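Enquirer: Sharing my_file13.cif here; it has mmCIF, C-alpha atoms.
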```
data_work
loop_
_atom_site.group_PDB
_atom_site.id
_atom_site.type_symbol
_atom_site.label_atom_id
_atom_site.label_comp_id
_atom_site.auth_asym_id
_atom_site.auth_seq_id
_atom_site.Cartn_x
_atom_site.Cartn_y
_atom_site.Cartn_z
ATOM 1 C CA MET A 1 0.000 0.000 0.000
ATOM 2 C CA LEU A 2 2.819 2.398 0.894
ATOM 3 C CA LYS A 3 4.558 1.706 -2.410
ATOM 4 C CA TYR A 4 1.304 2.339 -4.253
ATOM 5 C CA MET A 5 0.776 5.650 -2.438
ATOM 6 C CA LEU A 6 4.328 6.770 -3.167
ATOM 7 C CA PHE A 7 3.947 5.818 -6.822
ATOM 8 C CA THR A 8 0.652 7.747 -7.021
ATOM 9 C CA LEU A 9 2.268 10.767 -5.367
ATOM 10 C CA LEU A 10 5.129 10.703 -7.871
ATOM 11 C CA LEU A 11 2.645 10.575 -10.730
ATOM 12 C CA ILE A 12 0.793 13.592 -9.328
ATOM 13 C CA ILE A 13 4.023 15.540 -8.824
ATOM 14 C CA GLY A 14 5.178 14.633 -12.308
ATOM 15 C CA SER A 15 1.843 15.724 -13.741
ATOM 16 C CA LEU A 16 2.006 19.046 -11.879
ATOM 17 C CA ASN A 17 5.576 19.646 -13.069
ATOM 18 C CA ALA A 18 4.599 18.861 -16.632
ATOM 19 C CA THR A 19 1.640 21.237 -16.380
ATOM 20 C CA ALA A 20 3.843 23.999 -14.932
ATOM 21 C CA ALA A 21 6.469 23.411 -17.592
ATOM 22 C CA SER A 22 3.858 23.679 -20.362
ATOM 23 C CA ILE A 23 2.780 27.172 -19.272
ATOM 24 C CA ALA A 24 4.487 29.734 -21.466
ATOM 25 C CA LYS A 25 5.373 33.302 -20.519
ATOM 26 C CA ILE A 26 4.760 36.528 -22.386
ATOM 27 C CA THR A 27 6.478 39.900 -22.386
ATOM 28 C CA ALA A 28 7.153 42.886 -24.628
ATOM 29 C CA CYS A 29 10.328 44.473 -25.931
ATOM 30 C CA ASP A 30 11.150 48.125 -25.368
ATOM 31 C CA PRO A 31 13.101 48.957 -27.444
ATOM 32 C CA CYS A 32 12.833 46.161 -29.950
ATOM 33 C CA GLY A 33 14.926 44.824 -32.787
ATOM 34 C CA THR A 34 16.521 41.377 -32.645
ATOM 35 C CA VAL A 35 18.724 42.196 -29.649
ATOM 36 C CA GLY A 36 15.867 43.839 -27.760
ATOM 37 C CA ARG A 37 13.525 40.917 -28.358
ATOM 38 C CA GLU A 38 16.110 38.358 -27.236
ATOM 39 C CA HIS A 39 16.914 40.404 -24.127
ATOM 40 C CA ALA A 40 13.209 40.670 -23.290
ATOM 41 C CA ALA A 41 12.758 36.918 -23.715
ATOM 42 C CA LYS A 42 15.677 36.110 -21.389
ATOM 43 C CA SER A 43 14.673 38.664 -18.764
ATOM 44 C CA VAL A 44 11.482 36.839 -17.735
ATOM 45 C CA PHE A 45 13.475 33.914 -16.322
ATOM 46 C CA ASN A 46 15.687 33.616 -13.280
ATOM 47 C CA TRP A 47 19.246 32.423 -13.872
ATOM 48 C CA ASN A 48 18.280 28.769 -13.275
ATOM 49 C CA GLN A 49 15.004 28.832 -15.243
ATOM 50 C CA SER A 50 14.218 28.175 -18.876
ATOM 51 C CA GLY A 51 11.193 27.697 -21.100
ATOM 52 C CA GLU A 52 9.108 29.180 -23.898
ATOM 53 C CA VAL A 53 8.249 32.864 -24.014
ATOM 54 C CA TYR A 54 6.295 35.024 -26.428
ATOM 55 C CA VAL A 55 7.515 38.555 -27.137
ATOM 56 C CA ALA A 56 5.189 41.274 -28.422
ATOM 57 C CA ASP A 57 6.646 44.081 -30.517
ATOM 58 C CA PHE A 58 4.071 46.869 -30.300
ATOM 59 C CA TYR A 59 6.148 49.145 -32.520
ATOM 60 C CA MET A 60 6.187 46.779 -35.500
ATOM 61 C CA ARG A 61 2.997 44.956 -34.431
ATOM 62 C CA GLU A 62 4.668 41.583 -34.635
ATOM 63 C CA GLY A 63 4.808 38.593 -32.325
ATOM 64 C CA PHE A 64 7.728 36.252 -31.703
ATOM 65 C CA LYS A 65 8.249 32.987 -29.865
ATOM 66 C CA TYR A 66 11.511 31.935 -28.235
ATOM 67 C CA ASN A 67 12.818 28.893 -26.478
ATOM 68 C CA VAL A 68 15.100 30.155 -23.721
ATOM 69 C CA TYR A 69 17.611 27.617 -22.482
ATOM 70 C CA ILE A 70 20.636 27.514 -20.202
ATOM 71 C CA ASP A 71 24.144 27.095 -21.554
ATOM 72 C CA TYR A 72 27.469 27.425 -19.774
ATOM 73 C CA VAL A 73 30.552 29.559 -20.270
ATOM 74 C CA VAL A 74 33.790 27.900 -19.151
ATOM 75 C CA GLU A 75 36.466 30.112 -17.615
ATOM 76 C CA GLY A 76 39.330 28.007 -16.307
ATOM 77 C CA PRO A 77 37.965 25.570 -13.736
ATOM 78 C CA ASP A 78 34.641 27.436 -13.436
ATOM 79 C CA ARG A 79 31.394 27.105 -15.399
ATOM 80 C CA PHE A 80 28.920 29.991 -15.473
ATOM 81 C CA PRO A 81 25.281 29.588 -16.597
ATOM 82 C CA ILE A 82 23.985 31.942 -19.291
ATOM 83 C CA HIS A 83 20.710 32.156 -21.160
ATOM 84 C CA LYS A 84 20.515 31.572 -24.897
ATOM 85 C CA THR A 85 17.537 31.671 -27.237
ATOM 86 C CA ASN A 86 16.135 29.848 -30.234
ATOM 87 C CA LEU A 87 13.549 31.608 -32.379
ATOM 88 C CA ILE A 88 10.520 29.375 -33.044
ATOM 89 C CA PRO A 89 8.174 30.144 -35.972
ATOM 90 C CA LEU A 90 4.616 30.980 -34.979
ATOM 91 C CA ASN A 91 1.879 28.671 -36.151
ATOM 92 C CA PRO A 92 -1.314 30.219 -37.613
ATOM 93 C CA ALA A 93 -3.212 29.982 -34.316
ATOM 94 C CA GLU A 94 -0.393 31.740 -32.434
ATOM 95 C CA GLN A 95 -0.247 34.455 -35.087
ATOM 96 C CA GLU A 96 -3.982 34.985 -34.695
ATOM 97 C CA ALA A 97 -3.529 35.242 -30.921
ATOM 98 C CA PHE A 98 -1.035 38.069 -31.457
ATOM 99 C CA ASN A 99 -3.551 39.753 -33.752
ATOM 100 C CA ASP A 100 -5.954 39.575 -30.800
ATOM 101 C CA ILE A 101 -3.304 41.118 -28.528
ATOM 102 C CA PHE A 102 -2.731 44.052 -30.868
ATOM 103 C CA ALA A 103 -6.496 44.522 -31.316
ATOM 104 C CA LEU A 104 -6.909 44.500 -27.523
ATOM 105 C CA TYR A 105 -4.114 47.068 -27.237
ATOM 106 C CA ASP A 106 -5.881 49.296 -29.766
ATOM 107 C CA SER A 107 -9.165 48.986 -27.879
ATOM 108 C CA LEU A 108 -7.584 49.740 -24.508
ATOM 109 C CA LYS A 109 -5.698 52.732 -25.857
ATOM 110 C CA SER A 110 -8.839 54.047 -27.512
ATOM 111 C CA ALA A 111 -10.800 53.600 -24.275
ATOM 112 C CA ILE A 112 -8.233 55.662 -22.378
ATOM 113 C CA GLN A 113 -7.951 58.378 -25.003
ATOM 114 C CA ASN A 114 -11.711 58.662 -25.464
ATOM 115 C CA ASN A 115 -12.499 58.605 -21.749
ATOM 116 C CA ARG A 116 -14.942 61.336 -20.845
ATOM 117 C CA SER A 117 -16.548 59.967 -17.669
ATOM 118 C CA LEU A 118 -17.323 63.419 -16.306
ATOM 119 C CA ASN A 119 -20.462 62.251 -14.516
ATOM 120 C CA ASN A 120 -18.723 59.517 -12.509
ATOM 121 C CA LYS A 121 -19.163 60.547 -8.883
ATOM 122 C CA VAL A 122 -16.091 58.667 -7.710
ATOM 123 C CA ALA A 123 -13.559 59.262 -10.439
ATOM 124 C CA PRO A 124 -14.550 61.821 -13.088
ATOM 125 C CA SER A 125 -11.728 62.058 -15.587
ATOM 126 C CA LEU A 126 -10.713 63.208 -19.013
ATOM 127 C CA LEU A 127 -7.853 62.719 -21.410
ATOM 128 C CA LEU A 128 -4.770 64.783 -20.623
ATOM 129 C CA LYS A 129 -2.594 63.942 -23.609
ATOM 130 C CA ASN A 130 -1.958 61.268 -26.191
ATOM 131 C CA ALA A 131 0.050 58.195 -25.305
ATOM 132 C CA ALA A 132 3.500 57.280 -26.499
ATOM 133 C CA PRO A 133 3.424 54.345 -28.948
ATOM 134 C CA PHE A 134 4.215 51.838 -26.219
ATOM 135 C CA GLU A 135 1.773 53.142 -23.592
ATOM 136 C CA LEU A 136 -1.982 53.427 -23.256
ATOM 137 C CA GLY A 137 -2.210 57.090 -22.316
ATOM 138 C CA THR A 138 -2.618 59.527 -19.444
ATOM 139 C CA VAL A 139 -5.859 60.311 -17.642
ATOM 140 C CA LYS A 140 -6.296 63.435 -15.547
ATOM 141 C CA ILE A 141 -8.710 63.206 -12.625
ATOM 142 C CA ILE A 142 -10.731 66.404 -12.269
ATOM 143 C CA HIS A 143 -12.457 65.655 -8.952
ATOM 144 C CA PRO A 144 -10.769 68.255 -6.685
ATOM 145 C CA ALA A 145 -10.742 66.119 -3.519
ATOM 146 C CA ILE A 146 -8.955 63.028 -4.893
ATOM 147 C CA THR A 147 -5.195 62.567 -4.449
ATOM 148 C CA VAL A 148 -2.808 59.693 -5.060
ATOM 149 C CA HIS A 149 -3.054 58.904 -1.346
ATOM 150 C CA ASP A 150 -6.812 58.383 -1.701
ATOM 151 C CA PHE A 151 -6.272 56.178 -4.733
ATOM 152 C CA LEU A 152 -3.764 53.967 -2.917
ATOM 153 C CA SER A 153 -5.938 53.733 0.191
ATOM 154 C CA ASN A 154 -9.211 52.851 -1.525
ATOM 155 C CA SER A 155 -9.547 49.580 -3.444
ATOM 156 C CA GLN A 156 -13.135 50.404 -4.407
ATOM 157 C CA MET A 157 -11.908 53.592 -6.067
ATOM 158 C CA ARG A 158 -9.430 51.556 -8.115
ATOM 159 C CA ASN A 159 -12.202 49.144 -9.111
ATOM 160 C CA ASN A 160 -14.468 52.014 -10.133
ATOM 161 C CA MET A 161 -11.730 53.655 -12.186
ATOM 162 C CA TYR A 162 -11.135 50.366 -13.997
ATOM 163 C CA GLU A 163 -14.827 50.194 -14.885
ATOM 164 C CA SER A 164 -14.881 53.835 -15.938
ATOM 165 C CA HIS A 165 -11.618 53.951 -17.885
ATOM 166 C CA ILE A 166 -11.401 50.402 -19.276
ATOM 167 C CA ALA A 167 -14.437 48.130 -19.025
ATOM 168 C CA LEU A 168 -16.962 50.615 -20.396
ATOM 169 C CA GLY A 169 -14.852 51.190 -23.488
ATOM 170 C CA VAL A 170 -13.682 47.662 -24.354
ATOM 171 C CA TYR A 171 -16.217 45.090 -25.490
ATOM 172 C CA ASP A 172 -15.978 41.502 -24.206
ATOM 173 C CA ILE A 173 -12.536 41.618 -22.556
ATOM 174 C CA ALA A 174 -12.994 38.189 -20.968
ATOM 175 C CA ALA A 175 -13.604 36.395 -24.270
ATOM 176 C CA ILE A 176 -10.584 38.022 -25.927
ATOM 177 C CA THR A 177 -8.190 37.312 -23.054
ATOM 178 C CA ASN A 178 -9.418 33.722 -22.668
ATOM 179 C CA ARG A 179 -8.851 33.105 -26.364
ATOM 180 C CA ILE A 180 -5.310 34.520 -26.130
ATOM 181 C CA THR A 181 -4.340 32.601 -23.000
ATOM 182 C CA ASP A 182 -5.730 29.316 -24.318
ATOM 183 C CA THR A 183 -3.962 29.585 -27.666
ATOM 184 C CA LEU A 184 -0.593 30.636 -26.220
ATOM 185 C CA SER A 185 -0.824 28.302 -23.190
ATOM 186 C CA LEU A 186 -0.469 31.220 -20.779
ATOM 187 C CA GLY A 187 -1.528 30.920 -17.169
ATOM 188 C CA ALA A 188 -3.037 34.410 -17.475
ATOM 189 C CA LEU A 189 -2.647 37.537 -19.580
ATOM 190 C CA HIS A 190 -1.262 40.324 -17.396
ATOM 191 C CA LEU A 191 -0.878 43.725 -19.033
ATOM 192 C CA LYS A 192 1.916 44.363 -16.545
ATOM 193 C CA ASP A 193 3.937 41.627 -18.288
ATOM 194 C CA LEU A 194 3.327 43.422 -21.575
ATOM 195 C CA LYS A 195 4.241 46.774 -19.971
ATOM 196 C CA LEU A 196 0.873 48.209 -21.044
ATOM 197 C CA GLY A 197 -0.106 50.726 -18.406
ATOM 198 C CA TYR A 198 -1.335 54.278 -18.201
ATOM 199 C CA ARG A 199 -0.640 57.217 -15.940
ATOM 200 C CA ILE A 200 -3.226 58.836 -13.703
ATOM 201 C CA GLU A 201 -2.703 62.460 -12.663
ATOM 202 C CA PHE A 202 -4.609 64.106 -9.815
ATOM 203 C CA PRO A 203 -5.599 67.777 -9.338
ATOM 204 C CA ASP A 204 -2.934 68.471 -6.702
ATOM 205 C CA GLY A 205 -0.174 67.322 -9.085
ATOM 206 C CA SER A 206 0.275 63.826 -7.674
ATOM 207 C CA SER A 207 0.395 60.889 -10.090
ATOM 208 C CA ILE A 208 0.801 57.125 -10.471
ATOM 209 C CA LEU A 209 1.331 54.499 -13.170
ATOM 210 C CA VAL A 210 -1.223 51.687 -13.200
ATOM 211 C CA TYR A 211 -1.787 48.445 -15.103
ATOM 212 C CA PRO A 212 -5.344 47.274 -15.839
ATOM 213 C CA ASN A 213 -5.876 43.835 -14.313
ATOM 214 C CA LEU A 214 -8.187 42.141 -16.792
ATOM 215 C CA SER A 215 -8.986 39.144 -14.600
ATOM 216 C CA SER A 216 -9.779 40.878 -11.291
ATOM 217 C CA ARG A 217 -11.160 44.021 -12.981
ATOM 218 C CA THR A 218 -9.143 46.543 -11.056
ATOM 219 C CA LEU A 219 -6.026 48.686 -11.467
ATOM 220 C CA ASP A 220 -2.702 47.271 -10.319
ATOM 221 C CA ILE A 221 -0.083 49.698 -9.041
ATOM 222 C CA ALA A 222 3.335 49.912 -10.680
ATOM 223 C CA GLU A 223 5.871 49.878 -7.864
ATOM 224 C CA ASN A 224 7.846 53.064 -7.193
ATOM 225 C CA THR A 225 5.696 55.183 -9.527
ATOM 226 C CA ALA A 226 3.406 56.927 -7.020
ATOM 227 C CA ARG A 227 4.417 60.582 -6.562
ATOM 228 C CA ASP A 228 2.784 63.186 -4.373
ATOM 229 C CA ALA A 229 2.304 66.848 -5.215
ATOM 230 C CA ASP A 230 5.897 67.626 -4.151
ATOM 231 C CA ASN A 231 7.347 64.688 -6.126
ATOM 232 C CA ASN A 232 8.021 62.600 -3.032
ATOM 233 C CA THR A 233 7.763 58.861 -3.675
ATOM 234 C CA VAL A 234 4.613 57.617 -1.951
ATOM 235 C CA PRO A 235 5.365 54.336 -0.150
ATOM 236 C CA THR A 236 3.240 51.320 -1.063
ATOM 237 C CA ASN A 237 4.770 49.037 1.569
ATOM 238 C CA ARG A 238 6.263 49.561 5.020
ATOM 239 C CA ASN A 239 9.876 49.036 3.969
ATOM 240 C CA MET A 240 9.655 51.931 1.499
ATOM 241 C CA ILE A 241 8.785 54.529 4.135
ATOM 242 C CA THR A 242 12.263 55.293 5.488
ATOM 243 C CA GLY A 243 13.922 58.421 4.163
ATOM 244 C CA SER A 244 13.425 62.155 3.884
ATOM 245 C CA TYR A 245 10.353 63.952 2.530
ATOM 246 C CA GLN A 246 9.931 67.608 1.652
ATOM 247 C CA PHE A 247 6.563 69.361 1.480
ATOM 248 C CA SER A 248 5.911 72.809 0.069
ATOM 249 C CA ASN A 249 2.690 73.429 1.997
ATOM 250 C CA PRO A 250 0.721 72.128 5.010
ATOM 251 C CA GLU A 251 -1.908 70.418 2.841
ATOM 252 C CA SER A 252 0.654 68.240 1.067
ATOM 253 C CA TYR A 253 2.281 67.321 4.377
ATOM 254 C CA GLN A 254 -1.028 66.458 6.055
ATOM 255 C CA SER A 255 -2.088 64.294 3.110
ATOM 256 C CA MET A 256 1.058 62.177 3.372
ATOM 257 C CA ARG A 257 0.917 62.083 7.172
ATOM 258 C CA GLN A 258 -2.681 60.855 7.228
ATOM 259 C CA TYR A 259 -1.874 58.254 4.558
ATOM 260 C CA LEU A 260 1.083 56.836 6.518
ATOM 261 C CA GLU A 261 -0.915 56.736 9.751
ATOM 262 C CA ALA A 262 -3.998 55.106 8.186
ATOM 263 C CA MET A 263 -2.225 52.590 5.921
ATOM 264 C CA PHE A 264 0.782 51.606 8.014
ATOM 265 C CA GLY A 265 0.049 52.795 11.552
ATOM 266 C CA VAL A 266 3.087 55.054 11.499
ATOM 267 C CA SER A 267 3.266 57.657 14.254
ATOM 268 C CA VAL A 268 4.303 61.098 13.021
ATOM 269 C CA PHE A 269 5.722 63.324 15.754
ATOM 270 C CA ASN A 270 5.354 67.001 15.030
ATOM 271 C CA ASN A 271 4.358 69.926 17.240
ATOM 272 C CA MET A 272 5.289 72.642 14.767
ATOM 273 C CA THR A 273 3.090 74.636 12.445
ATOM 274 C CA CYS A 274 5.055 75.373 9.296
ATOM 275 C CA THR A 275 4.502 76.826 5.886
ATOM 276 C CA SER A 276 6.690 74.013 4.522
ATOM 277 C CA TYR A 277 8.037 70.833 6.072
ATOM 278 C CA ILE A 278 10.877 68.331 6.101
ATOM 279 C CA MET A 279 9.874 64.933 7.471
ATOM 280 C CA ILE A 280 12.338 62.113 8.239
ATOM 281 C CA CYS A 281 11.217 58.508 8.746
ATOM 282 C CA SER A 282 13.429 55.783 10.222
ATOM 283 C CA PHE A 283 13.379 52.443 12.012
ATOM 284 C CA SER A 284 14.441 51.925 15.604
ATOM 285 C CA GLY A 285 14.524 48.156 15.779
ATOM 286 C CA THR A 286 11.142 47.181 14.379
ATOM 287 C CA THR A 287 9.472 50.482 15.314
ATOM 288 C CA LEU A 288 9.036 52.959 12.484
ATOM 289 C CA THR A 289 8.596 56.622 13.344
ATOM 290 C CA CYS A 290 8.489 59.838 11.364
ATOM 291 C CA THR A 291 9.529 63.196 12.778
ATOM 292 C CA VAL A 292 9.602 66.792 11.619
ATOM 293 C CA PRO A 293 12.840 68.086 13.139
ATOM 294 C CA ARG A 294 12.464 71.537 11.636
ATOM 295 C CA CYS A 295 10.357 73.609 9.327
ATOM 296 C CA ALA A 296 11.626 73.895 5.775
ATOM 297 C CA TYR A 297 11.478 77.626 5.200
#
```
If you convert what's in this file into structure tokens, what do you get?
Expert:
Amino acid sequence: MLKYMLFTLLLIIGSLNATAASIAKITACDPCGTVGREHAAKSVFNWNQSGEVYVADFYMREGFKYNVYIDYVVEGPDRFPIHKTNLIPLNPAEQEAFNDIFALYDSLKSAIQNNRSLNNKVAPSLLLKNAAPFELGTVKIIHPAITVHDFLSNSQMRNNMYESHIALGVYDIAAITNRITDTLSLGALHLKDLKLGYRIEFPDGSSILVYPNLSSRTLDIAENTARDADNNTVPTNRNMITGSYQFSNPESYQSMRQYLEAMFGVSVFNNMTCTSYIMICSFSGTTLTCTVPRCAY
């Protein structure tokens, strides 16, 4: 019985490994060209990983498929692993899947650039400027009370913006993405992998880069892209908080202070009333505190 159970377990593990190995990856090149595409293909794997990866070239509107494998460079007694690639021709179904990807890109970009949801009570917005060829665009929020801190703190706001900016302007996203993922054997189609995001700008001058999440119907945050009105990086996790912040007015300072207190429970020690502020945040053991040692006149 024990031998039978072990044999069954090995079969299950082998099946899971085979399933994992059959899942391809996808990315995009920026910039492209042969070298750019090969670099993009290699970059999705860790040094000890290999597999198949699709690369989208949104400049030339072409798709490519690579097998990325590990080879070794010998230097004296040492062997160092390096990635190499083989270009694999696309079959007709894979080519059609890339046509779907480029059509989805066109639809998403059009939805952003044509966004005029001025009656949305949560996130009224309008187009600020046209997108670069590789991006979807920039949306400017016109609701005067919304800042990047509100956006980061409120998941419902992110969901509503997705519906307003994306879902209302793109027909049948689920069917398109399912067709792409099935044909290319992808676990999921993440626009973050394809580097297809757009920037949101708020009335106070704060901004953030986001990626539409087509499966969970929300907006994912691009790390290290949130900026407040004074161009301070807005932390999205506790380890990012340490450092120095400068604020040009009390409103900007209070917005950041309230965000840090509400999201991370950080105590901000300040008894001064300033026209501008310098705030310093640091760890003492595991305790994180922020202080305003002086006004920044």
Enquirer: Between atom CA of Ile146 of chain A and atom CA of Arg294 of chain A, measure the distance and give it in Å to one decimal.
Expert: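 Interatomic distance here is 28.4 Å.
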Enquirer: Between A:Asn270, A:Ser216, A:Asn99, A:Asn46, which one has atoms that come closest to Arg158 of chain A, using only C-alpha atoms?
Expert: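 Among A:Asn270, A:Ser216, A:Asn99, A:Asn46, it is A:Ser216 that comes nearest to Arg158 of chain A.
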Enquirer: Would you please work out which residue, of A:Ala175, A:Ile180, A:Ala167, A:Val210, is nearest to Leu136 of chain A when using only C-alpha atoms?
Expert: A:Val210
Enquirer: Find the spatial neighbours of Met272 of chain A, counting only C-alpha atoms, within a cut-off of 10 Å - ignore same-chain residues fewer than 2 positions away - and output them as an MDAnalysis selection string.
Expert: chainID A and resid 269:270 274:275 277 292:295
Enquirer: Report the residues retrieved by the PyMOL selection byres ((chain A and resi 22-26) around 10) from the displayed file, expressed as a VMD selection string.
Expert: chain A and resid 16 to 21 27 to 28 40 to 41 44 to 45 51 to 56 64 to 67 181 184 to 191 193 to 194
Enquirer: Do you know which residues lie at most 7 Å from (15.1, 65.0, 5.2), with coordinates as in the file and all atoms listed in the file counted, and could you write them as an mmCIF file with C-alpha atoms, keeping the file's coordinate frame?
Expert:
```
data_model
loop_
_atom_site.group_PDB
_atom_site.id
_atom_site.type_symbol
_atom_site.label_atom_id
_atom_site.label_comp_id
_atom_site.auth_asym_id
_atom_site.auth_seq_id
_atom_site.Cartn_x
_atom_site.Cartn_y
_atom_site.Cartn_z
ATOM 1 C CA GLY A 243 13.922 58.421 4.163
ATOM 2 C CA SER A 244 13.425 62.155 3.884
ATOM 3 C CA TYR A 245 10.353 63.952 2.530
ATOM 4 C CA GLN A 246 9.931 67.608 1.652
ATOM 5 C CA ILE A 278 10.877 68.331 6.101
ATOM 6 C CA MET A 279 9.874 64.933 7.471
ATOM 7 C CA ILE A 280 12.338 62.113 8.239
#
```
Enquirer: Near Asp204 of chain A, counting only C-alpha atoms, which residues have an atom at most 8 Å away, once you skip same-chain residues fewer than 5 positions from it, shown as a list in words?
Expert: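 Returned residues: Pro144, Thr147 and Ala229 of chain A.
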Enquirer: Rank A:Tyr198, A:Leu168, A:Asp106, A:Leu152 by their smallest atom-to-atom distance to Lys140 of chain A, using all atoms listed in the file, and report the top residue only.
Expert: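 For Lys140 of chain A, the nearest of the given residues is A:Tyr198.
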Enquirer: Would you mind reading off the distance between atom CA of Thr218 of chain A and atom CA of Pro203 of chain A, one decimal, in Å?
Expert: 21.6 Å
Enquirer: Which residues match the PyMOL selection byres ((chain A and resi 111) around 7) in the file above, as a PyMOL selection string?
Expert: chain A and resi 107-110+112-115+165-166+169-170
Enquirer: Please report the interatomic distance between atom CA of Ala174 of chain A and atom CA of Asp30 of chain A in Å with one decimal.
Expert: 26.5 Å
Enquirer: Between A:Asp150, A:Glu94, A:Glu135, A:Glu75, which is the closest to Arg179 of chain A once you count only C-alpha atoms?
Expert: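 Selected residue with least distance to Arg179 of chain A: A:Glu94.
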Enquirer: With all atoms listed in the file as the counted atoms, please give the residues lying no more than 6 Å from Val68 of chain A, apart from itself and same-chain residues fewer than 3 positions off, as JSON, numbers by chain.
Expert: {"A": [50, 51, 84, 85]}
Enquirer: Between A:Gln258, A:Gly33, A:Pro77, A:Glu96, which has the minimum distance to Tyr59 of chain A (counting all atoms listed in the file)?
Expert: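 Of the candidates, the smallest distance to Tyr59 of chain A is held by A:Gly33.
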Enquirer: Using all atoms listed in the file, can you tell me which of A:Lys42, A:Arg199, A:Arg257, A:His149 comes closest to Val234 of chain A?
Expert: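 For Val234 of chain A, the nearest of the candidates is A:His149.
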Enquirer: Using all atoms of segment 143-160 of chain A listed in the file and a margin of 3 Å per side, can you give the axis-aligned box centre and edge lengths in Å to one decimal, as JSON?
Expert:
```
{"center_x": -8.6, "center_y": 58.7, "center_z": -5.0, "size_x": 17.7, "size_y": 25.1, "size_z": 16.3}
```
Enquirer: With only C-alpha atoms as the counted atoms, please give the residues lying no more than 6 Å from Ser282 of chain A, apart from itself and same-chain residues fewer than 4 positions off, as an NGL selection string.
Expert: :A and (242 or 288-289)
Enquirer: For the residues in that selection, give me C-alpha atoms as a PDB file, in the coordinates of the input.
Expert:
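In the end it all went to part20.pdb:
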```pdb
ATOM      1  CA  THR A 242      12.263  55.293   5.488  1.00  0.00           C
ATOM      2  CA  LEU A 288       9.036  52.959  12.484  1.00  0.00           C
ATOM      3  CA  THR A 289       8.596  56.622  13.344  1.00  0.00           C
TER       4      THR A 289
END
```
Enquirer: Report the residues retrieved by the PyMOL selection byres ((chain A and resi 230) around 9) from the displayed file, expressed as a ChimeraX atom specification.
Expert: /A:205-206,227-229,231-233,245-248,252
